[in-house]
Amino acid sequence: MEWLQQLVNGISLGSIYALIALGYTMVYGIIKLINFAHGEVFMIGAFIGYFCIAGWGLGLFPALVIAMTSCAIIGVVIERIAYKRLRNATRIAVLITAIGVSLLIQNGVIYMRGAQPEAYPAVLANKSFDFLGVQISSQSILILSVSVGLMIILQFIVHKTKIGKAMRAVSYDSEAAKLMGINVDNTISATFAIGSALAGAAGVIFGIYYTKIDPLMGVIPGLKAFVAAVLGGIGIIPGAMVGGLVLGVVETFVSALGFSLWRDAAAFIILILILIFKPSGIFGKNTREKV
Amino acid sequence: MKKLKKSKQFWIFISSSIAAYAIVQALIMVGILDDFYINTIVFMSINIMLAVSLHLVIGITGQFSLGHAGFLAVGAYVSAIVTMKLNLPFPVAILAAGVMATIAGLIIGIPSLRLRGDYLAIATLGFAEIIRIIFLNIEYVGGAAGMQVDHLTNWTYTFICLFATIVIIVNFTNSRHGRACISIRENEIAADAMGINTTYYKVLAFAIGAFFAGIAGALYAHNFYIIQPVNFGFLKSIDILIYVVLGGLGSLSGAIVATILLTIVSTFLQSYPETRMIIYSLVLIIVMLYRPKGLMGTMEITDYFKLWRGSKGGSKHGQ
């Protein structure tokens, strides 16, 4: 039953990656930008959740909602200030701006509160349930239910609402969408808001699961979530979920086999293999570049 | 006429750089420059080498690589092994570092240069992280604790390497191969259609860039007393990238000027690391928002002289 236990751990970790990857994939799908600052939004979400729970004594769900709302606002502000001017600039310029924003947020947080880590308060009684001989902790259940719930809401937004329809239209062809009367700027802002809110939620549950947060925590999960997005096929929402789960499970098994120091390398090796053999990802279709 | 002017420019460059070397060397001998300044100058030169080698990949060939610190790490560790474990002389270590970094560049370049744009950036980032994690896990080179290295880098070695880097990369850029690389930067599909072997030139530029990054790594390692995998992370790649982008993508003198400025600024802000990074990132964002092509675009310093002379009545096209 050892492998089943690891599978449960892997899925818990993977659903955090999946939540962050959703933001990457949505933003990439709509403006073709690798939003390097996304990992930092995740970090800010974790800190806001921490202040809500430890500072104001709020419960978990109010903290989650506050973190998601504030991250959505931060995401929109970042987009409006840093990326909007660069709609028609070269890809390198936009990518470097994203890196700059990411460094600015990291070091801004370090400047304000120092680089020392913070211990996340325990909001859940640490119970564990025995299921088929597998110990499932209440935290794993919480992570899974929060992420599954958010993903269902996201699917609903994207497929059933007007703004979701606009998002799909803009990601398909933003020029044509503009001609059809869709407000492209607002749609892009909405995408950033939703993606950042998901990253904020991921930050809070990451804090609860790992019980330690620090201002540089966003870098590695951010990169891995990006790997997850590429793995599933960037720009494809179900792809990001599957990619995140696969990555989490692979990583947990690599550590379980005794190669825990190589865990981070595993993610990048997967990334490179995917990029070399199927650059469009698991769910992606191959498209030829037009001349 | 054009050829004559080019060669004149070349000799002016050679003589002025030798003069610069002599002046610094004389100041060191007399004792006006103390260790702090020597260190800053050496560090600046290493950064210039890194910036110029990355400039060849990003600025000239247009391949967005985010993994230059990986080659720096290969060079640093290989040279440290050659001097510390094999007890060979320093010049051999420099050469070995360059060669091994080239091999790493080929290993990384051949598979990943089929990718374009963002995907290439992410793949090179992934490769650099893998290189770092490999060094982190090899006990022979000290793992996370790092490796002790003797202080062997001095101004003479640094100058020779820097000089060679600039001369070779400038000549490469002005050669037939360099023009092929520039055509790839401007439009890869069109270059391909014109019969340029794009893969070959991309890999070539990548390998040359890696070679000089490896040499810079050798100097970098022997300028400190200890090297650790932490020094070669994602942030180091970003640092090098900032030099190139700030100066102007495609401008060699721009990259050099930006490197000199930023090294001086960061030396003075060394005691305030957070402030330094905040200023860094703000500068990066503002430059990108208002001058997406970098401070100097694709202009070189010599172009400004030409413009200045041109405005004084000489014909602009009279070369």
# chains A, B, ... in the order shown; residues from 1 in each chain; ligands from 1
$ interface_residues --of "chain A" --to "chain B" --cutoff "6 Å" --atoms "only C-alpha atoms" --output "VMD selection string"
chain A and resid 93 97 100 103 to 104 107 111 265 268 272
$ write_last_selection --atoms "all heavy atoms" --output "short mmCIF file (atom, residue, chain, number, x, y, z; two decimals), in the first residue's frame"
data_model
loop_
_atom_site.label_atom_id
_atom_site.label_comp_id
_atom_site.auth_asym_id
_atom_site.auth_seq_id
_atom_site.Cartn_x
_atom_site.Cartn_y
_atom_site.Cartn_z
N ALA A 93 10.82 41.53 -24.88
CA ALA A 93 10.59 42.68 -24.02
C ALA A 93 9.54 42.36 -22.97
O ALA A 93 9.70 42.69 -21.79
CB ALA A 93 10.15 43.87 -24.87
N THR A 97 10.05 42.13 -18.90
CA THR A 97 9.24 42.91 -17.98
C THR A 97 8.65 42.00 -16.91
O THR A 97 8.63 42.34 -15.72
CB THR A 97 8.10 43.61 -18.73
OG1 THR A 97 8.65 44.20 -19.88
CG2 THR A 97 7.45 44.64 -17.88
N GLY A 100 11.16 41.26 -14.45
CA GLY A 100 11.38 42.44 -13.62
C GLY A 100 10.31 42.58 -12.56
O GLY A 100 10.61 42.85 -11.39
N LEU A 103 10.92 40.03 -9.81
CA LEU A 103 12.01 40.43 -8.90
C LEU A 103 11.56 41.56 -7.99
O LEU A 103 11.89 41.58 -6.80
CB LEU A 103 13.23 40.88 -9.70
CG LEU A 103 14.01 39.82 -10.44
CD1 LEU A 103 15.14 40.45 -11.21
CD2 LEU A 103 14.55 38.79 -9.47
N LEU A 104 10.78 42.50 -8.57
CA LEU A 104 10.33 43.64 -7.78
C LEU A 104 9.44 43.19 -6.62
O LEU A 104 9.62 43.63 -5.48
CB LEU A 104 9.58 44.62 -8.69
CG LEU A 104 9.09 45.88 -8.02
CD1 LEU A 104 10.27 46.72 -7.57
CD2 LEU A 104 8.22 46.68 -8.95
N ASN A 107 11.56 41.26 -3.93
CA ASN A 107 12.42 42.08 -3.11
C ASN A 107 11.65 43.15 -2.36
O ASN A 107 12.08 43.58 -1.30
CB ASN A 107 13.53 42.69 -3.97
CG ASN A 107 14.48 41.62 -4.41
OD1 ASN A 107 15.27 41.12 -3.62
ND2 ASN A 107 14.40 41.21 -5.66
N TYR A 111 12.02 43.56 1.47
CA TYR A 111 12.33 44.88 2.01
C TYR A 111 11.38 45.23 3.14
O TYR A 111 11.76 45.79 4.16
CB TYR A 111 12.22 45.91 0.89
CG TYR A 111 12.65 47.29 1.26
CD1 TYR A 111 14.01 47.60 1.37
CD2 TYR A 111 11.72 48.28 1.50
CE1 TYR A 111 14.41 48.86 1.71
CE2 TYR A 111 12.12 49.56 1.85
CZ TYR A 111 13.47 49.84 1.96
OH TYR A 111 13.88 51.09 2.29
N ALA A 265 15.14 18.41 -10.25
CA ALA A 265 15.66 18.09 -11.58
C ALA A 265 14.63 17.30 -12.36
O ALA A 265 14.50 17.48 -13.57
CB ALA A 265 16.96 17.33 -11.47
N PHE A 268 12.34 19.41 -14.37
CA PHE A 268 12.93 20.05 -15.55
C PHE A 268 13.26 19.02 -16.62
O PHE A 268 13.18 19.32 -17.82
CB PHE A 268 14.16 20.84 -15.15
CG PHE A 268 13.82 22.03 -14.33
CD1 PHE A 268 14.16 22.10 -13.00
CD2 PHE A 268 13.11 23.07 -14.89
CE1 PHE A 268 13.80 23.19 -12.24
CE2 PHE A 268 12.75 24.16 -14.14
CZ PHE A 268 13.10 24.22 -12.80
N ILE A 272 12.00 19.17 -20.45
CA ILE A 272 12.82 19.15 -21.65
C ILE A 272 12.39 18.01 -22.56
O ILE A 272 12.29 18.17 -23.78
CB ILE A 272 14.30 19.08 -21.26
CG1 ILE A 272 14.71 20.48 -20.78
CG2 ILE A 272 15.17 18.66 -22.41
CD1 ILE A 272 15.87 20.49 -19.90
#
$ select_by_dssp --residues "range 16-220 of chain A" --states "alpha helix (DSSP H)" --output "number ranges by chain"
A: 16-31, 38-50, 60-78, 91-113, 138-160, 162-172, 174-179, 184-210, 219-220
$ atom_distance --atom1 "CA of Ile240 in chain B" --atom2 "CA of Thr259 in chain B"
8.6 Å
$ residues_around --residues "Gln116 in chain A" --least-positions-apart "6" --cutoff "12 Å" --atoms "only C-alpha atoms" --output "short mmCIF file (atom, residue, chain, number, x, y, z; two decimals) with N, CA and C atoms, in the first residue's frame"
data_model
loop_
_atom_site.label_atom_id
_atom_site.label_comp_id
_atom_site.auth_asym_id
_atom_site.auth_seq_id
_atom_site.Cartn_x
_atom_site.Cartn_y
_atom_site.Cartn_z
N VAL A 109 8.75 42.56 -0.97
CA VAL A 109 8.29 41.86 0.24
C VAL A 109 9.45 41.68 1.21
N ILE A 110 10.63 41.32 0.68
CA ILE A 110 11.78 41.15 1.56
C ILE A 110 12.12 42.48 2.24
N LYS A 212 5.24 26.33 6.22
CA LYS A 212 6.33 27.32 6.24
C LYS A 212 6.25 28.14 4.97
N ILE A 213 6.27 29.47 5.13
CA ILE A 213 6.26 30.32 3.93
C ILE A 213 7.37 31.34 4.03
N ASP A 214 7.93 31.75 2.90
CA ASP A 214 8.94 32.82 2.91
C ASP A 214 8.85 33.57 1.59
N PRO A 215 9.45 34.77 1.51
CA PRO A 215 9.25 35.60 0.31
C PRO A 215 9.78 34.98 -0.98
N LEU A 216 10.67 33.99 -0.89
CA LEU A 216 11.19 33.42 -2.13
C LEU A 216 10.52 32.10 -2.48
N MET A 217 9.43 31.79 -1.75
CA MET A 217 8.80 30.49 -1.96
C MET A 217 8.14 30.37 -3.32
#
$ residues_around --residues "Val76 in chain A" --least-positions-apart "2" --cutoff "6 Å" --atoms "only C-alpha atoms" --output "PDB file with all heavy atoms, in the first residue's frame"
ATOM      1  N   ILE A  73      -6.946  41.373  -7.423  1.00  0.00           N
ATOM      2  CA  ILE A  73      -6.690  42.804  -7.629  1.00  0.00           C
ATOM      3  C   ILE A  73      -5.229  43.014  -8.017  1.00  0.00           C
ATOM      4  O   ILE A  73      -4.916  43.746  -8.967  1.00  0.00           O
ATOM      5  CB  ILE A  73      -7.056  43.594  -6.353  1.00  0.00           C
ATOM      6  CG1 ILE A  73      -8.563  43.473  -6.105  1.00  0.00           C
ATOM      7  CG2 ILE A  73      -6.659  45.055  -6.487  1.00  0.00           C
ATOM      8  CD1 ILE A  73      -8.998  43.961  -4.752  1.00  0.00           C
ATOM      9  N   ILE A  74      -4.318  42.343  -7.290  1.00  0.00           N
ATOM     10  CA  ILE A  74      -2.894  42.515  -7.593  1.00  0.00           C
ATOM     11  C   ILE A  74      -2.600  42.088  -9.026  1.00  0.00           C
ATOM     12  O   ILE A  74      -1.879  42.767  -9.770  1.00  0.00           O
ATOM     13  CB  ILE A  74      -2.044  41.713  -6.594  1.00  0.00           C
ATOM     14  CG1 ILE A  74      -2.148  42.349  -5.211  1.00  0.00           C
ATOM     15  CG2 ILE A  74      -0.585  41.650  -7.029  1.00  0.00           C
ATOM     16  CD1 ILE A  74      -1.618  41.489  -4.102  1.00  0.00           C
ATOM     17  N   ILE A  78      -0.961  44.478 -11.839  1.00  0.00           N
ATOM     18  CA  ILE A  78       0.276  44.147 -12.551  1.00  0.00           C
ATOM     19  C   ILE A  78       0.049  44.223 -14.056  1.00  0.00           C
ATOM     20  O   ILE A  78       0.840  44.799 -14.804  1.00  0.00           O
ATOM     21  CB  ILE A  78       0.753  42.727 -12.162  1.00  0.00           C
ATOM     22  CG1 ILE A  78       1.225  42.694 -10.716  1.00  0.00           C
ATOM     23  CG2 ILE A  78       1.882  42.265 -13.077  1.00  0.00           C
ATOM     24  CD1 ILE A  78       1.570  41.304 -10.236  1.00  0.00           C
ATOM     25  N   GLU A  79      -1.070  43.659 -14.475  1.00  0.00           N
ATOM     26  CA  GLU A  79      -1.334  43.634 -15.917  1.00  0.00           C
ATOM     27  C   GLU A  79      -1.479  45.054 -16.456  1.00  0.00           C
ATOM     28  O   GLU A  79      -0.888  45.395 -17.479  1.00  0.00           O
ATOM     29  CB  GLU A  79      -2.612  42.836 -16.172  1.00  0.00           C
ATOM     30  CG  GLU A  79      -2.822  42.466 -17.618  1.00  0.00           C
ATOM     31  CD  GLU A  79      -3.644  43.487 -18.374  1.00  0.00           C
ATOM     32  OE1 GLU A  79      -4.520  44.142 -17.774  1.00  0.00           O
ATOM     33  OE2 GLU A  79      -3.409  43.638 -19.577  1.00  0.00           O
ATOM     34  N   SER A 189      -7.952  41.561 -18.521  1.00  0.00           N
ATOM     35  CA  SER A 189      -7.922  41.825 -17.078  1.00  0.00           C
ATOM     36  C   SER A 189      -8.664  40.739 -16.310  1.00  0.00           C
ATOM     37  O   SER A 189      -8.205  40.283 -15.265  1.00  0.00           O
ATOM     38  CB  SER A 189      -8.553  43.179 -16.774  1.00  0.00           C
ATOM     39  OG  SER A 189      -7.759  44.193 -17.310  1.00  0.00           O
ATOM     40  N   PHE A 192      -6.492  37.731 -16.012  1.00  0.00           N
ATOM     41  CA  PHE A 192      -5.480  37.908 -14.975  1.00  0.00           C
ATOM     42  C   PHE A 192      -6.104  37.774 -13.595  1.00  0.00           C
ATOM     43  O   PHE A 192      -5.520  37.176 -12.691  1.00  0.00           O
ATOM     44  CB  PHE A 192      -4.802  39.271 -15.123  1.00  0.00           C
ATOM     45  CG  PHE A 192      -3.570  39.233 -15.949  1.00  0.00           C
ATOM     46  CD1 PHE A 192      -3.625  39.361 -17.315  1.00  0.00           C
ATOM     47  CD2 PHE A 192      -2.339  39.031 -15.361  1.00  0.00           C
ATOM     48  CE1 PHE A 192      -2.492  39.306 -18.081  1.00  0.00           C
ATOM     49  CE2 PHE A 192      -1.191  38.972 -16.117  1.00  0.00           C
ATOM     50  CZ  PHE A 192      -1.261  39.108 -17.482  1.00  0.00           C
ATOM     51  N   ALA A 193      -7.305  38.357 -13.417  1.00  0.00           N
ATOM     52  CA  ALA A 193      -7.955  38.307 -12.105  1.00  0.00           C
ATOM     53  C   ALA A 193      -8.225  36.867 -11.709  1.00  0.00           C
ATOM     54  O   ALA A 193      -7.906  36.444 -10.588  1.00  0.00           O
ATOM     55  CB  ALA A 193      -9.247  39.116 -12.148  1.00  0.00           C
TER      56      ALA A 193
END
$ residues_around --residues "range 153-164 of chain B" --least-positions-apart "2" --cutoff "10 Å" --atoms "only C-alpha atoms" --output "PyMOL selection string"
chain B and resi 14+17-18+20-22+24-25+28+38-39+41-50+52+90-91+94+150-151+166-170+212+215-216+218-224
$ residues_around --residues "range 257-260 of chain A" --least-positions-apart "3" --cutoff "12 Å" --atoms "only C-alpha atoms" --output "list in words"
Glu2, Trp3, Gln6, Val250, Glu251, Thr252, Phe253, Val254, Arg263, Asp264, Ala265 and Ala266 of chain A; Ile133 and Asn137 of chain B
$ write_last_selection --atoms "N, CA, C and O atoms" --output "mmCIF file, in the first residue's frame"
data_model
loop_
_atom_site.group_PDB
_atom_site.id
_atom_site.type_symbol
_atom_site.label_atom_id
_atom_site.label_comp_id
_atom_site.auth_asym_id
_atom_site.auth_seq_id
_atom_site.Cartn_x
_atom_site.Cartn_y
_atom_site.Cartn_z
ATOM 1 N N GLU A 2 2.172 1.048 0.040
ATOM 2 C CA GLU A 2 3.093 2.173 0.062
ATOM 3 C C GLU A 2 2.883 3.082 -1.158
ATOM 4 O O GLU A 2 2.795 4.301 -1.035
ATOM 5 N N TRP A 3 2.753 2.466 -2.324
ATOM 6 C CA TRP A 3 2.616 3.283 -3.541
ATOM 7 C C TRP A 3 1.312 4.049 -3.562
ATOM 8 O O TRP A 3 1.251 5.169 -4.068
ATOM 9 N N GLN A 6 1.825 7.067 -1.521
ATOM 10 C CA GLN A 6 2.575 8.072 -2.276
ATOM 11 C C GLN A 6 1.706 8.732 -3.330
ATOM 12 O O GLN A 6 1.834 9.924 -3.597
ATOM 13 N N VAL A 250 4.744 12.364 -10.149
ATOM 14 C CA VAL A 250 6.103 11.962 -10.531
ATOM 15 C C VAL A 250 7.100 12.415 -9.479
ATOM 16 O O VAL A 250 7.961 11.645 -9.031
ATOM 17 N N GLU A 251 6.929 13.679 -9.044
ATOM 18 C CA GLU A 251 7.872 14.215 -8.073
ATOM 19 C C GLU A 251 7.834 13.432 -6.759
ATOM 20 O O GLU A 251 8.876 13.109 -6.188
ATOM 21 N N THR A 252 6.623 13.107 -6.310
ATOM 22 C CA THR A 252 6.508 12.357 -5.057
ATOM 23 C C THR A 252 7.146 10.977 -5.202
ATOM 24 O O THR A 252 7.816 10.499 -4.285
ATOM 25 N N PHE A 253 6.963 10.342 -6.345
ATOM 26 C CA PHE A 253 7.555 9.019 -6.518
ATOM 27 C C PHE A 253 9.075 9.101 -6.598
ATOM 28 O O PHE A 253 9.771 8.233 -6.068
ATOM 29 N N VAL A 254 9.585 10.168 -7.251
ATOM 30 C CA VAL A 254 11.053 10.329 -7.307
ATOM 31 C C VAL A 254 11.607 10.463 -5.894
ATOM 32 O O VAL A 254 12.610 9.827 -5.544
ATOM 33 N N ARG A 263 14.655 15.794 -6.967
ATOM 34 C CA ARG A 263 13.246 16.034 -7.216
ATOM 35 C C ARG A 263 13.024 17.208 -8.169
ATOM 36 O O ARG A 263 12.258 17.117 -9.121
ATOM 37 N N ASP A 264 13.758 18.326 -7.895
ATOM 38 C CA ASP A 264 13.574 19.487 -8.747
ATOM 39 C C ASP A 264 14.058 19.207 -10.157
ATOM 40 O O ASP A 264 13.489 19.696 -11.133
ATOM 41 N N ALA A 265 15.140 18.412 -10.253
ATOM 42 C CA ALA A 265 15.656 18.094 -11.580
ATOM 43 C C ALA A 265 14.634 17.298 -12.363
ATOM 44 O O ALA A 265 14.502 17.480 -13.572
ATOM 45 N N ALA A 266 13.868 16.418 -11.677
ATOM 46 C CA ALA A 266 12.895 15.576 -12.379
ATOM 47 C C ALA A 266 11.913 16.445 -13.153
ATOM 48 O O ALA A 266 11.621 16.174 -14.324
ATOM 49 N N ILE B 133 21.704 21.427 -10.318
ATOM 50 C CA ILE B 133 21.321 20.335 -9.411
ATOM 51 C C ILE B 133 22.335 19.196 -9.505
ATOM 52 O O ILE B 133 22.645 18.545 -8.507
ATOM 53 N N ASN B 137 24.643 17.664 -6.366
ATOM 54 C CA ASN B 137 24.575 16.277 -5.924
ATOM 55 C C ASN B 137 25.868 15.505 -6.111
ATOM 56 O O ASN B 137 25.920 14.314 -5.818
#
